[in-house]
Amino acid sequence: MQYSADGQSDGTATVQFPQPGFLASVFRDLGADQGPEPEGAAGRPAPGRPGVGPAGDDQSAPGGPSDPNSADPNLAAPNPTEPNPDDPAIAAHARAAALTHHRTLTVQAEHDRLADLLRRAALPVSAMDFESQLRHYEPRPYPGDGPGADEGSEPRWEDFAPAEPAAADPEGGASRRLLDSGYQRELAQARLTHQRALREWRTRRAEAGSPAADESRRAHEAAEEARARAVREYNDSLEECRRAYRLAEPAAVESLLERALAAAETATQDLSAPCRAVFRPLTRTAVLDLDLPPLDLVPSLTGYRLAPDGDIVPVPRPPADRATDYLRLVARLALRSLQAADAVDTDEILAGVVLNGWLREPGAVEPLCLLSVDADRDALARTRLLPPETPYEDRDDEGVYADAEQDEALVRLRQLGAAVTPDPYARTVVRPAAQAGATVPAAPDLSANEFAQLVRDLLTRGGLAEWSVRLRGPAGLVATGEGSPGSALPGRWVVWASRDSASVGVEQIETLAEAVREESADRGLRLTTGRFADEALDLTAEESHRHIHLIDGDGVRELARTHLGLPLAAGR
């Protein structure tokens, strides 16, 4: 506050700023424009121009702002604590920070895409059975046959005239009703509608007998007949395929399966994972070869960070987490293919499904089998292939990723007895449950379920009923069965079947004879796809082991040709 000579205040105030440019910086932070300074504030002349202060003092006087020996509080002094944005080192650091943020966002986008693929890969598929593929023909009307086209009489005004309004005064004449504005509007609209209908009727009547109209109608009818014929021929061919499918013809079964597998991929068309099908009539098993997505689909980084020295350093993910995420995606693709094959087989032609997941890398000599499933129809019926809800949930502790042991898709695959690689990035392979290369399979080409199904079909058609499997493994099975007295295999039997190239010795015959005694059975059957040692043949010729019967590889192939009418190749 300034005072006059008599000691009284003159009404002007001098504002002391705590720091040069303080209010200007505040205004800039608030987004406000810095307006002109008020006249009553501490007078500050324009830079570089002397002026007169508020008290009339000459600003160029000694001690004034223009005096070089005086300190001007309004001149901004450099602040050593504030960084200079024009410093090249600071600018380079800012660019590096922005680049680090941009690269981290790119990695986050890759994680979001993987989460979206996991969600879409678990969507349920619709059954592509024959009923859903039938086409239906619906005739389209001729464009010239509009509303009222079949009416032969001329449109009458009586059919369009609006109802007259009720008279407020019963004694009033018709002139009173004609003055009603609402009635006049309805009357005008009705006249326009009648004139339009009359004009269309006359146009149709004039064109009815013209050659152009007749030709147009004939072309429309011919096109409709062609559409109906195409739908009829397609449905007839589909019915023919259905008859071939019910007869278990390989081409028909494979065509239906591949249609269902292709339809299942519609939810993830941006992810290349085709699946091919091969059907083996001998065991009524479909072998599916699924191409797995590339390994680099799963992000290997969590993001980037800026080091103190200014370098942009990638932050890698733990290898176990990356392998788990890849297996989660692979498990969903495998379950989706199994569900598609199971849903399309409404006539229960398939006895089982074998699925092999192959990783085909560019430049590799052979593909790598990272997953293999061997499931029979009963196992597929007992297993709920896909979860009914979203397969993952955003949890605070794990994000969209979960532990492999807790992942539902992997748990269900293991319930089906699937073999899954423990580390796909180490290229650790698993043994395929079955190979689908040969047209006529040999015993080593069959899966464990296929071999068990083959043995069961051969013996049940030979007369052995009430089949019960006691033990089953990759190399064979042990089962019991009972045949009726009049059948080719009467009594209670213990069956030991194996597929191997090694010869069966005396020890295995003795083991089977002991199992027959423990089961209180009448006979024992030792079946192998290989051959028997001479000592084993001599032992079964003795009186004590004549209840043990032997079938070697040649006998198995002969039974397949006799009872199933299908060949089985010799073992390799």
# chains A, B, ... in the order shown; residues from 1 in each chain; ligands from 1
$ closest_atom_pairs --of "segment 233-351 of chain A" --to "segment 544-560 of chain A" --cutoff "12 Å" --atoms "only C-alpha atoms" --output "JSON lines"
{"residue": "A:Pro281", "atom": "CA", "partner": "A:Ala560", "partner_atom": "CA", "distance": 11.5}
{"residue": "A:Leu282", "atom": "CA", "partner": "A:Ala560", "partner_atom": "CA", "distance": 8.2}
{"residue": "A:Thr283", "atom": "CA", "partner": "A:Ala560", "partner_atom": "CA", "distance": 10.4}
$ write_last_selection --atoms "N, CA and C atoms" --output "mmCIF file, in the first residue's frame"
data_model
loop_
_atom_site.group_PDB
_atom_site.id
_atom_site.type_symbol
_atom_site.label_atom_id
_atom_site.label_comp_id
_atom_site.auth_asym_id
_atom_site.auth_seq_id
_atom_site.Cartn_x
_atom_site.Cartn_y
_atom_site.Cartn_z
ATOM 1 N N PRO A 281 -12.514 -97.675 -41.653
ATOM 2 C CA PRO A 281 -13.690 -98.539 -41.450
ATOM 3 C C PRO A 281 -13.385 -99.759 -40.603
ATOM 4 N N LEU A 282 -12.141 -100.222 -40.600
ATOM 5 C CA LEU A 282 -11.800 -101.422 -39.855
ATOM 6 C C LEU A 282 -12.125 -101.277 -38.372
ATOM 7 N N THR A 283 -11.828 -100.116 -37.817
ATOM 8 C CA THR A 283 -12.093 -99.862 -36.399
ATOM 9 C C THR A 283 -13.147 -98.778 -36.184
#
$ select_by_dssp --residues "segment 339-553 of chain A" --states "alpha helix (DSSP H)" --output "PyMOL selection string"
chain A and resi 339-344+377-382+408-415+448-461+506-518+534-541+553
$ residues_around --residues "segment 354-356 of chain A" --least-positions-apart "6" --cutoff "10 Å" --atoms "only C-alpha atoms" --output "short mmCIF file (atom, residue, chain, number, x, y, z; two decimals) with N, CA, C and O atoms, in the first residue's frame"
data_model
loop_
_atom_site.label_atom_id
_atom_site.label_comp_id
_atom_site.auth_asym_id
_atom_site.auth_seq_id
_atom_site.Cartn_x
_atom_site.Cartn_y
_atom_site.Cartn_z
N CYS A 275 -7.82 -78.59 -39.80
CA CYS A 275 -7.88 -79.94 -39.26
C CYS A 275 -8.40 -80.87 -40.35
O CYS A 275 -9.44 -80.60 -40.96
N ARG A 276 -7.67 -81.94 -40.62
CA ARG A 276 -8.04 -82.90 -41.65
C ARG A 276 -8.47 -84.21 -40.99
O ARG A 276 -8.03 -84.54 -39.88
N ALA A 277 -9.33 -84.97 -41.68
CA ALA A 277 -9.91 -86.18 -41.12
C ALA A 277 -9.66 -87.36 -42.04
O ALA A 277 -9.74 -87.24 -43.27
N VAL A 278 -9.35 -88.50 -41.45
CA VAL A 278 -9.21 -89.78 -42.14
C VAL A 278 -10.03 -90.81 -41.36
O VAL A 278 -9.89 -90.91 -40.13
N THR A 285 -12.98 -95.61 -36.66
CA THR A 285 -12.31 -94.54 -35.92
C THR A 285 -11.89 -93.44 -36.89
O THR A 285 -11.41 -93.72 -37.98
N ALA A 286 -12.10 -92.20 -36.46
CA ALA A 286 -11.66 -91.04 -37.23
C ALA A 286 -10.35 -90.53 -36.65
O ALA A 286 -10.24 -90.29 -35.43
N VAL A 287 -9.35 -90.36 -37.51
CA VAL A 287 -8.06 -89.83 -37.10
C VAL A 287 -7.98 -88.39 -37.61
O VAL A 287 -8.04 -88.15 -38.82
N LEU A 288 -7.88 -87.43 -36.70
CA LEU A 288 -7.85 -86.01 -37.03
C LEU A 288 -6.43 -85.49 -36.88
O LEU A 288 -5.79 -85.72 -35.85
N ASP A 289 -5.96 -84.79 -37.89
CA ASP A 289 -4.64 -84.13 -37.85
C ASP A 289 -4.87 -82.63 -37.76
O ASP A 289 -5.33 -82.00 -38.72
N LEU A 290 -4.56 -82.05 -36.61
CA LEU A 290 -4.76 -80.63 -36.35
C LEU A 290 -3.44 -79.90 -36.48
O LEU A 290 -2.46 -80.26 -35.81
N ASP A 291 -3.39 -78.88 -37.34
CA ASP A 291 -2.20 -78.03 -37.47
C ASP A 291 -2.23 -76.97 -36.37
O ASP A 291 -3.15 -76.15 -36.30
N LEU A 292 -1.22 -77.00 -35.51
CA LEU A 292 -1.17 -76.08 -34.38
C LEU A 292 -0.65 -74.71 -34.82
O LEU A 292 0.13 -74.61 -35.79
N ALA A 334 -8.04 -78.17 -29.71
CA ALA A 334 -8.26 -79.61 -29.76
C ALA A 334 -9.65 -79.99 -29.27
O ALA A 334 -10.34 -80.82 -29.88
N LEU A 335 -10.10 -79.38 -28.18
CA LEU A 335 -11.44 -79.67 -27.67
C LEU A 335 -12.51 -79.25 -28.67
O LEU A 335 -13.53 -79.92 -28.81
N SER A 337 -12.25 -79.25 -31.96
CA SER A 337 -12.30 -80.24 -33.03
C SER A 337 -12.97 -81.52 -32.56
O SER A 337 -13.76 -82.13 -33.30
N LEU A 338 -12.68 -81.95 -31.34
CA LEU A 338 -13.34 -83.15 -30.82
C LEU A 338 -14.83 -82.94 -30.68
O LEU A 338 -15.63 -83.84 -30.98
N LEU A 368 6.24 -81.73 -35.80
CA LEU A 368 6.40 -82.19 -34.42
C LEU A 368 5.02 -82.42 -33.82
O LEU A 368 4.14 -81.56 -33.91
N CYS A 369 4.83 -83.58 -33.20
CA CYS A 369 3.58 -83.90 -32.53
C CYS A 369 3.67 -83.41 -31.08
O CYS A 369 4.46 -83.92 -30.29
N LEU A 370 2.86 -82.40 -30.76
CA LEU A 370 2.87 -81.82 -29.42
C LEU A 370 1.67 -82.25 -28.59
O LEU A 370 1.63 -81.97 -27.39
N LEU A 371 0.71 -82.92 -29.21
CA LEU A 371 -0.51 -83.30 -28.49
C LEU A 371 -1.14 -84.49 -29.19
O LEU A 371 -1.16 -84.54 -30.43
N SER A 372 -1.65 -85.43 -28.43
CA SER A 372 -2.32 -86.59 -29.01
C SER A 372 -3.40 -87.08 -28.05
O SER A 372 -3.15 -87.21 -26.84
N VAL A 373 -4.60 -87.32 -28.60
CA VAL A 373 -5.75 -87.76 -27.82
C VAL A 373 -6.31 -89.01 -28.48
O VAL A 373 -6.49 -89.05 -29.70
N ASP A 374 -6.59 -90.02 -27.66
CA ASP A 374 -7.22 -91.26 -28.12
C ASP A 374 -8.44 -91.49 -27.26
O ASP A 374 -8.35 -91.95 -26.11
N ALA A 375 -9.63 -91.15 -27.79
CA ALA A 375 -10.87 -91.20 -27.01
C ALA A 375 -11.91 -92.03 -27.75
O ALA A 375 -12.11 -91.83 -28.96
N ASP A 376 -12.56 -92.93 -27.04
CA ASP A 376 -13.65 -93.68 -27.65
C ASP A 376 -14.95 -92.92 -27.46
O ASP A 376 -15.00 -91.86 -26.82
N ALA A 418 -5.09 -87.68 -22.71
CA ALA A 418 -4.28 -87.04 -23.74
C ALA A 418 -2.83 -86.97 -23.32
O ALA A 418 -2.50 -86.82 -22.14
N ALA A 419 -1.95 -87.08 -24.30
CA ALA A 419 -0.52 -86.86 -24.09
C ALA A 419 -0.20 -85.46 -24.59
O ALA A 419 -0.39 -85.14 -25.77
N VAL A 430 5.58 -85.69 -28.31
CA VAL A 430 4.90 -86.85 -27.74
C VAL A 430 4.64 -87.85 -28.86
O VAL A 430 4.67 -87.51 -30.05
N ARG A 431 4.40 -89.08 -28.48
CA ARG A 431 4.16 -90.12 -29.47
C ARG A 431 2.71 -90.07 -29.92
O ARG A 431 1.80 -90.08 -29.10
N PRO A 432 2.46 -90.01 -31.23
CA PRO A 432 1.07 -89.99 -31.70
C PRO A 432 0.35 -91.28 -31.31
O PRO A 432 0.91 -92.38 -31.36
N ALA A 433 -0.90 -91.14 -30.92
CA ALA A 433 -1.68 -92.32 -30.54
C ALA A 433 -1.93 -93.23 -31.72
O ALA A 433 -2.05 -94.45 -31.56
N ALA A 434 -2.01 -92.67 -32.92
CA ALA A 434 -2.24 -93.46 -34.14
C ALA A 434 -1.76 -92.65 -35.32
O ALA A 434 -1.73 -91.41 -35.29
N GLN A 435 -1.38 -93.35 -36.38
CA GLN A 435 -0.96 -92.72 -37.62
C GLN A 435 -2.04 -92.91 -38.67
O GLN A 435 -2.64 -93.99 -38.76
N ALA A 436 -2.29 -91.87 -39.45
CA ALA A 436 -3.36 -91.92 -40.44
C ALA A 436 -2.84 -91.94 -41.86
O ALA A 436 -3.55 -91.62 -42.79
N LEU A 446 -2.51 -98.68 -35.35
CA LEU A 446 -3.73 -98.47 -34.59
C LEU A 446 -3.43 -97.89 -33.22
O LEU A 446 -2.37 -98.13 -32.64
N SER A 447 -4.37 -97.15 -32.71
CA SER A 447 -4.25 -96.65 -31.34
C SER A 447 -4.65 -97.75 -30.36
O SER A 447 -5.13 -98.82 -30.74
N ASN A 449 -7.14 -97.69 -28.23
CA ASN A 449 -8.59 -97.90 -28.31
C ASN A 449 -8.98 -98.62 -29.59
O ASN A 449 -9.91 -99.45 -29.58
N GLU A 450 -8.30 -98.32 -30.68
CA GLU A 450 -8.60 -99.00 -31.94
C GLU A 450 -8.30 -100.50 -31.84
O GLU A 450 -9.08 -101.34 -32.32
#
$ atom_distance --atom1 "atom CA of Ala448 of chain A" --atom2 "atom CA of Ser468 of chain A"
15.8 Å
$ residues_around --residues "Arg135 of chain A" --least-positions-apart "4" --cutoff "9 Å" --atoms "only C-alpha atoms" --output "CSV table (one decimal) with C-alpha atoms, in the first residue's frame"
chain,number,residue,atom,x,y,z
A,231,VAL,CA,-32.4,-77.1,-54.3
A,232,ARG,CA,-34.0,-80.5,-55.2
A,234,TYR,CA,-28.7,-80.6,-53.8
A,235,ASN,CA,-31.0,-82.3,-51.3
$ select_by_dssp --residues "segment 327-515 of chain A" --states "strand (DSSP E or B)" --output "VMD selection string"
chain A and resid 352 to 359 368 to 376 395 399 419 to 420 442 464 to 472 476 to 483 491 to 498 504
$ residues_around --residues "Ala475 of chain A" --least-positions-apart "6" --cutoff "9 Å" --atoms "only C-alpha atoms" --output "JSON list (two decimals) with C-alpha atoms, in the first residue's frame"
[["chain", "number", "residue", "atom", "x", "y", "z"],
["A", 448, "ALA", "CA", -4.84, -98.46, -28.06],
["A", 451, "PHE", "CA", -6.81, -102.23, -31.15],
["A", 497, "ALA", "CA", -4.38, -109.71, -26.65],
["A", 498, "SER", "CA", -1.21, -107.82, -27.54],
["A", 499, "ARG", "CA", 0.35, -106.22, -30.58],
["A", 500, "ASP", "CA", 4.10, -106.59, -30.78]]
$ residues_around --residues "Pro490 of chain A" --least-positions-apart "3" --cutoff "10 Å" --atoms "only C-alpha atoms" --output "mmCIF file with C-alpha atoms, in the first residue's frame"
data_model
loop_
_atom_site.group_PDB
_atom_site.id
_atom_site.type_symbol
_atom_site.label_atom_id
_atom_site.label_comp_id
_atom_site.auth_asym_id
_atom_site.auth_seq_id
_atom_site.Cartn_x
_atom_site.Cartn_y
_atom_site.Cartn_z
ATOM 1 C CA GLY A 463 -19.687 -115.743 -30.556
ATOM 2 C CA LEU A 464 -18.064 -114.297 -27.432
ATOM 3 C CA ALA A 465 -20.582 -112.058 -25.642
ATOM 4 C CA GLY A 481 -16.130 -112.873 -22.091
ATOM 5 C CA GLU A 482 -18.694 -115.621 -22.123
ATOM 6 C CA GLY A 483 -20.104 -117.443 -25.098
ATOM 7 C CA SER A 484 -23.334 -119.331 -25.388
ATOM 8 C CA PRO A 485 -23.172 -123.133 -25.450
ATOM 9 C CA GLY A 486 -24.047 -123.353 -29.130
ATOM 10 C CA SER A 487 -21.560 -120.705 -30.288
ATOM 11 C CA TRP A 493 -12.955 -117.086 -21.483
ATOM 12 C CA ASP A 522 -13.167 -122.505 -18.848
ATOM 13 C CA ARG A 523 -10.623 -121.454 -21.468
#
$ atom_distance --atom1 "atom CA of Arg456 of chain A" --atom2 "atom CA of Ala252 of chain A"
25.1 Å
$ closest_residue --among "A:Leu359, A:Ala267, A:Leu527, A:Leu198" --to "Arg336 of chain A" --atoms "only C-alpha atoms"
A:Ala267
$ residues_around --residues "Ala340 of chain A" --least-positions-apart "6" --cutoff "7 Å" --atoms "only C-alpha atoms" --output "PDB file with C-alpha atoms, in the first residue's frame"
ATOM      1  CA  VAL A 125     -19.817 -75.040 -32.363  1.00  0.00           C
ATOM      2  CA  ALA A 127     -23.638 -79.426 -35.326  1.00  0.00           C
ATOM      3  CA  ALA A 260     -17.962 -79.869 -39.495  1.00  0.00           C
ATOM      4  CA  LEU A 261     -14.310 -79.075 -38.733  1.00  0.00           C
ATOM      5  CA  ALA A 264     -15.905 -74.909 -36.277  1.00  0.00           C
TER       6      ALA A 264
END
$ closest_residue --among "A:Val420, A:Leu105, A:Ala163, A:Leu471" --to "Arg328 of chain A" --atoms "only C-alpha atoms"
A:Val420
$ closest_atom_pairs --of "segment 469-520 of chain A" --to "segment 531-537 of chain A" --cutoff "12 Å" --atoms "only C-alpha atoms" --output "JSON lines"
{"residue": "A:Ser498", "atom": "CA", "partner": "A:Arg531", "partner_atom": "CA", "distance": 10.8}
{"residue": "A:Arg499", "atom": "CA", "partner": "A:Arg531", "partner_atom": "CA", "distance": 10.0}
{"residue": "A:Asp500", "atom": "CA", "partner": "A:Arg531", "partner_atom": "CA", "distance": 8.8}
{"residue": "A:Ser501", "atom": "CA", "partner": "A:Arg531", "partner_atom": "CA", "distance": 7.4}
{"residue": "A:Ala502", "atom": "CA", "partner": "A:Arg531", "partner_atom": "CA", "distance": 7.2}
{"residue": "A:Ser503", "atom": "CA", "partner": "A:Phe532", "partner_atom": "CA", "distance": 4.9}
{"residue": "A:Val504", "atom": "CA", "partner": "A:Phe532", "partner_atom": "CA", "distance": 4.6}
{"residue": "A:Gly505", "atom": "CA", "partner": "A:Ala536", "partner_atom": "CA", "distance": 5.4}
{"residue": "A:Val506", "atom": "CA", "partner": "A:Ala536", "partner_atom": "CA", "distance": 4.7}
{"residue": "A:Glu507", "atom": "CA", "partner": "A:Ala536", "partner_atom": "CA", "distance": 8.4}
{"residue": "A:Gln508", "atom": "CA", "partner": "A:Ala536", "partner_atom": "CA", "distance": 8.6}
{"residue": "A:Ile509", "atom": "CA", "partner": "A:Ala536", "partner_atom": "CA", "distance": 6.8}
{"residue": "A:Glu510", "atom": "CA", "partner": "A:Ala536", "partner_atom": "CA", "distance": 9.2}
{"residue": "A:Thr511", "atom": "CA", "partner": "A:Ala536", "partner_atom": "CA", "distance": 11.9}
{"residue": "A:Leu512", "atom": "CA", "partner": "A:Ala536", "partner_atom": "CA", "distance": 11.8}
$ write_last_selection --atoms "all heavy atoms" --output "mmCIF file, in the first residue's frame"
data_model
loop_
_atom_site.group_PDB
_atom_site.id
_atom_site.type_symbol
_atom_site.label_atom_id
_atom_site.label_comp_id
_atom_site.auth_asym_id
_atom_site.auth_seq_id
_atom_site.Cartn_x
_atom_site.Cartn_y
_atom_site.Cartn_z
ATOM 1 N N SER A 498 -2.313 -108.792 -27.490
ATOM 2 C CA SER A 498 -1.210 -107.822 -27.544
ATOM 3 C C SER A 498 -0.791 -107.639 -28.986
ATOM 4 O O SER A 498 -1.038 -108.488 -29.846
ATOM 5 C CB SER A 498 -0.020 -108.301 -26.706
ATOM 6 O OG SER A 498 0.492 -109.516 -27.238
ATOM 7 N N ARG A 499 -0.180 -106.509 -29.240
ATOM 8 C CA ARG A 499 0.346 -106.223 -30.581
ATOM 9 C C ARG A 499 1.834 -105.891 -30.424
ATOM 10 O O ARG A 499 2.203 -104.830 -29.919
ATOM 11 C CB ARG A 499 -0.396 -105.075 -31.243
ATOM 12 C CG ARG A 499 -0.584 -103.865 -30.350
ATOM 13 C CD ARG A 499 -1.151 -102.717 -31.111
ATOM 14 N NE ARG A 499 -1.281 -101.536 -30.277
ATOM 15 C CZ ARG A 499 -1.473 -100.321 -30.759
ATOM 16 N NH1 ARG A 499 -1.541 -100.122 -32.049
ATOM 17 N NH2 ARG A 499 -1.592 -99.297 -29.946
ATOM 18 N N ASP A 500 2.656 -106.789 -30.837
ATOM 19 C CA ASP A 500 4.103 -106.594 -30.779
ATOM 20 C C ASP A 500 4.737 -107.536 -31.777
ATOM 21 O O ASP A 500 4.123 -108.492 -32.271
ATOM 22 C CB ASP A 500 4.639 -106.839 -29.361
ATOM 23 C CG ASP A 500 4.117 -108.141 -28.781
ATOM 24 O OD1 ASP A 500 3.765 -109.051 -29.551
ATOM 25 O OD2 ASP A 500 4.048 -108.243 -27.551
ATOM 26 N N SER A 501 5.970 -107.238 -32.082
ATOM 27 C CA SER A 501 6.711 -108.065 -33.039
ATOM 28 C C SER A 501 7.505 -109.161 -32.345
ATOM 29 O O SER A 501 7.971 -110.087 -33.013
ATOM 30 C CB SER A 501 7.662 -107.182 -33.858
ATOM 31 O OG SER A 501 8.545 -106.478 -32.988
ATOM 32 N N ALA A 502 7.672 -109.081 -31.032
ATOM 33 C CA ALA A 502 8.422 -110.112 -30.310
ATOM 34 C C ALA A 502 7.586 -111.382 -30.195
ATOM 35 O O ALA A 502 6.349 -111.337 -30.135
ATOM 36 C CB ALA A 502 8.808 -109.598 -28.924
ATOM 37 N N SER A 503 8.247 -112.491 -30.153
ATOM 38 C CA SER A 503 7.554 -113.772 -30.042
ATOM 39 C C SER A 503 7.084 -113.990 -28.613
ATOM 40 O O SER A 503 7.721 -113.556 -27.651
ATOM 41 C CB SER A 503 8.477 -114.916 -30.479
ATOM 42 O OG SER A 503 9.625 -114.969 -29.643
ATOM 43 N N VAL A 504 5.946 -114.682 -28.478
ATOM 44 C CA VAL A 504 5.364 -114.975 -27.175
ATOM 45 C C VAL A 504 5.971 -116.276 -26.666
ATOM 46 O O VAL A 504 5.938 -117.311 -27.350
ATOM 47 C CB VAL A 504 3.836 -115.089 -27.282
ATOM 48 C CG1 VAL A 504 3.232 -115.459 -25.933
ATOM 49 C CG2 VAL A 504 3.254 -113.779 -27.789
ATOM 50 N N GLY A 505 6.515 -116.230 -25.449
ATOM 51 C CA GLY A 505 7.195 -117.395 -24.883
ATOM 52 C C GLY A 505 6.333 -118.160 -23.913
ATOM 53 O O GLY A 505 5.122 -117.904 -23.729
ATOM 54 N N VAL A 506 6.978 -119.119 -23.245
ATOM 55 C CA VAL A 506 6.287 -120.018 -22.318
ATOM 56 C C VAL A 506 5.788 -119.264 -21.095
ATOM 57 O O VAL A 506 4.719 -119.568 -20.542
ATOM 58 C CB VAL A 506 7.232 -121.164 -21.921
ATOM 59 C CG1 VAL A 506 6.588 -122.055 -20.862
ATOM 60 C CG2 VAL A 506 7.623 -121.985 -23.138
ATOM 61 N N GLU A 507 6.540 -118.261 -20.631
ATOM 62 C CA GLU A 507 6.153 -117.550 -19.422
ATOM 63 C C GLU A 507 4.773 -116.924 -19.556
ATOM 64 O O GLU A 507 3.963 -116.954 -18.610
ATOM 65 C CB GLU A 507 7.194 -116.488 -19.084
ATOM 66 C CG GLU A 507 8.585 -117.030 -18.768
ATOM 67 C CD GLU A 507 9.369 -117.348 -20.032
ATOM 68 O OE1 GLU A 507 8.834 -117.076 -21.138
ATOM 69 O OE2 GLU A 507 10.491 -117.871 -19.919
ATOM 70 N N GLN A 508 4.485 -116.320 -20.699
ATOM 71 C CA GLN A 508 3.179 -115.682 -20.878
ATOM 72 C C GLN A 508 2.054 -116.709 -20.946
ATOM 73 O O GLN A 508 0.932 -116.441 -20.485
ATOM 74 C CB GLN A 508 3.197 -114.821 -22.147
ATOM 75 C CG GLN A 508 4.190 -113.676 -22.094
ATOM 76 C CD GLN A 508 4.078 -112.761 -23.297
ATOM 77 O OE1 GLN A 508 3.081 -112.790 -24.014
ATOM 78 N NE2 GLN A 508 5.113 -111.954 -23.527
ATOM 79 N N ILE A 509 2.322 -117.875 -21.495
ATOM 80 C CA ILE A 509 1.305 -118.923 -21.519
ATOM 81 C C ILE A 509 0.997 -119.387 -20.100
ATOM 82 O O ILE A 509 -0.170 -119.604 -19.721
ATOM 83 C CB ILE A 509 1.767 -120.101 -22.393
ATOM 84 C CG1 ILE A 509 2.079 -119.614 -23.819
ATOM 85 C CG2 ILE A 509 0.712 -121.194 -22.428
ATOM 86 C CD1 ILE A 509 0.921 -118.987 -24.525
ATOM 87 N N GLU A 510 2.026 -119.551 -19.279
ATOM 88 C CA GLU A 510 1.821 -119.937 -17.895
ATOM 89 C C GLU A 510 1.038 -118.866 -17.132
ATOM 90 O O GLU A 510 0.174 -119.181 -16.300
ATOM 91 C CB GLU A 510 3.168 -120.189 -17.221
ATOM 92 C CG GLU A 510 3.924 -121.386 -17.751
ATOM 93 C CD GLU A 510 3.289 -122.711 -17.335
ATOM 94 O OE1 GLU A 510 2.295 -122.679 -16.539
ATOM 95 O OE2 GLU A 510 3.758 -123.759 -17.792
ATOM 96 N N THR A 511 1.350 -117.586 -17.404
ATOM 97 C CA THR A 511 0.625 -116.493 -16.746
ATOM 98 C C THR A 511 -0.845 -116.506 -17.121
ATOM 99 O O THR A 511 -1.734 -116.290 -16.274
ATOM 100 C CB THR A 511 1.254 -115.147 -17.119
ATOM 101 O OG1 THR A 511 2.639 -115.143 -16.767
ATOM 102 C CG2 THR A 511 0.549 -114.004 -16.417
ATOM 103 N N LEU A 512 -1.154 -116.756 -18.386
ATOM 104 C CA LEU A 512 -2.549 -116.812 -18.823
ATOM 105 C C LEU A 512 -3.270 -117.994 -18.185
ATOM 106 O O LEU A 512 -4.437 -117.876 -17.762
ATOM 107 C CB LEU A 512 -2.604 -116.915 -20.348
ATOM 108 C CG LEU A 512 -3.996 -117.042 -20.960
ATOM 109 C CD1 LEU A 512 -4.860 -115.845 -20.585
ATOM 110 C CD2 LEU A 512 -3.914 -117.184 -22.474
#
$ atom_distance --atom1 "atom CA of Val344 of chain A" --atom2 "atom CA of Arg246 of chain A"
12.6 Å
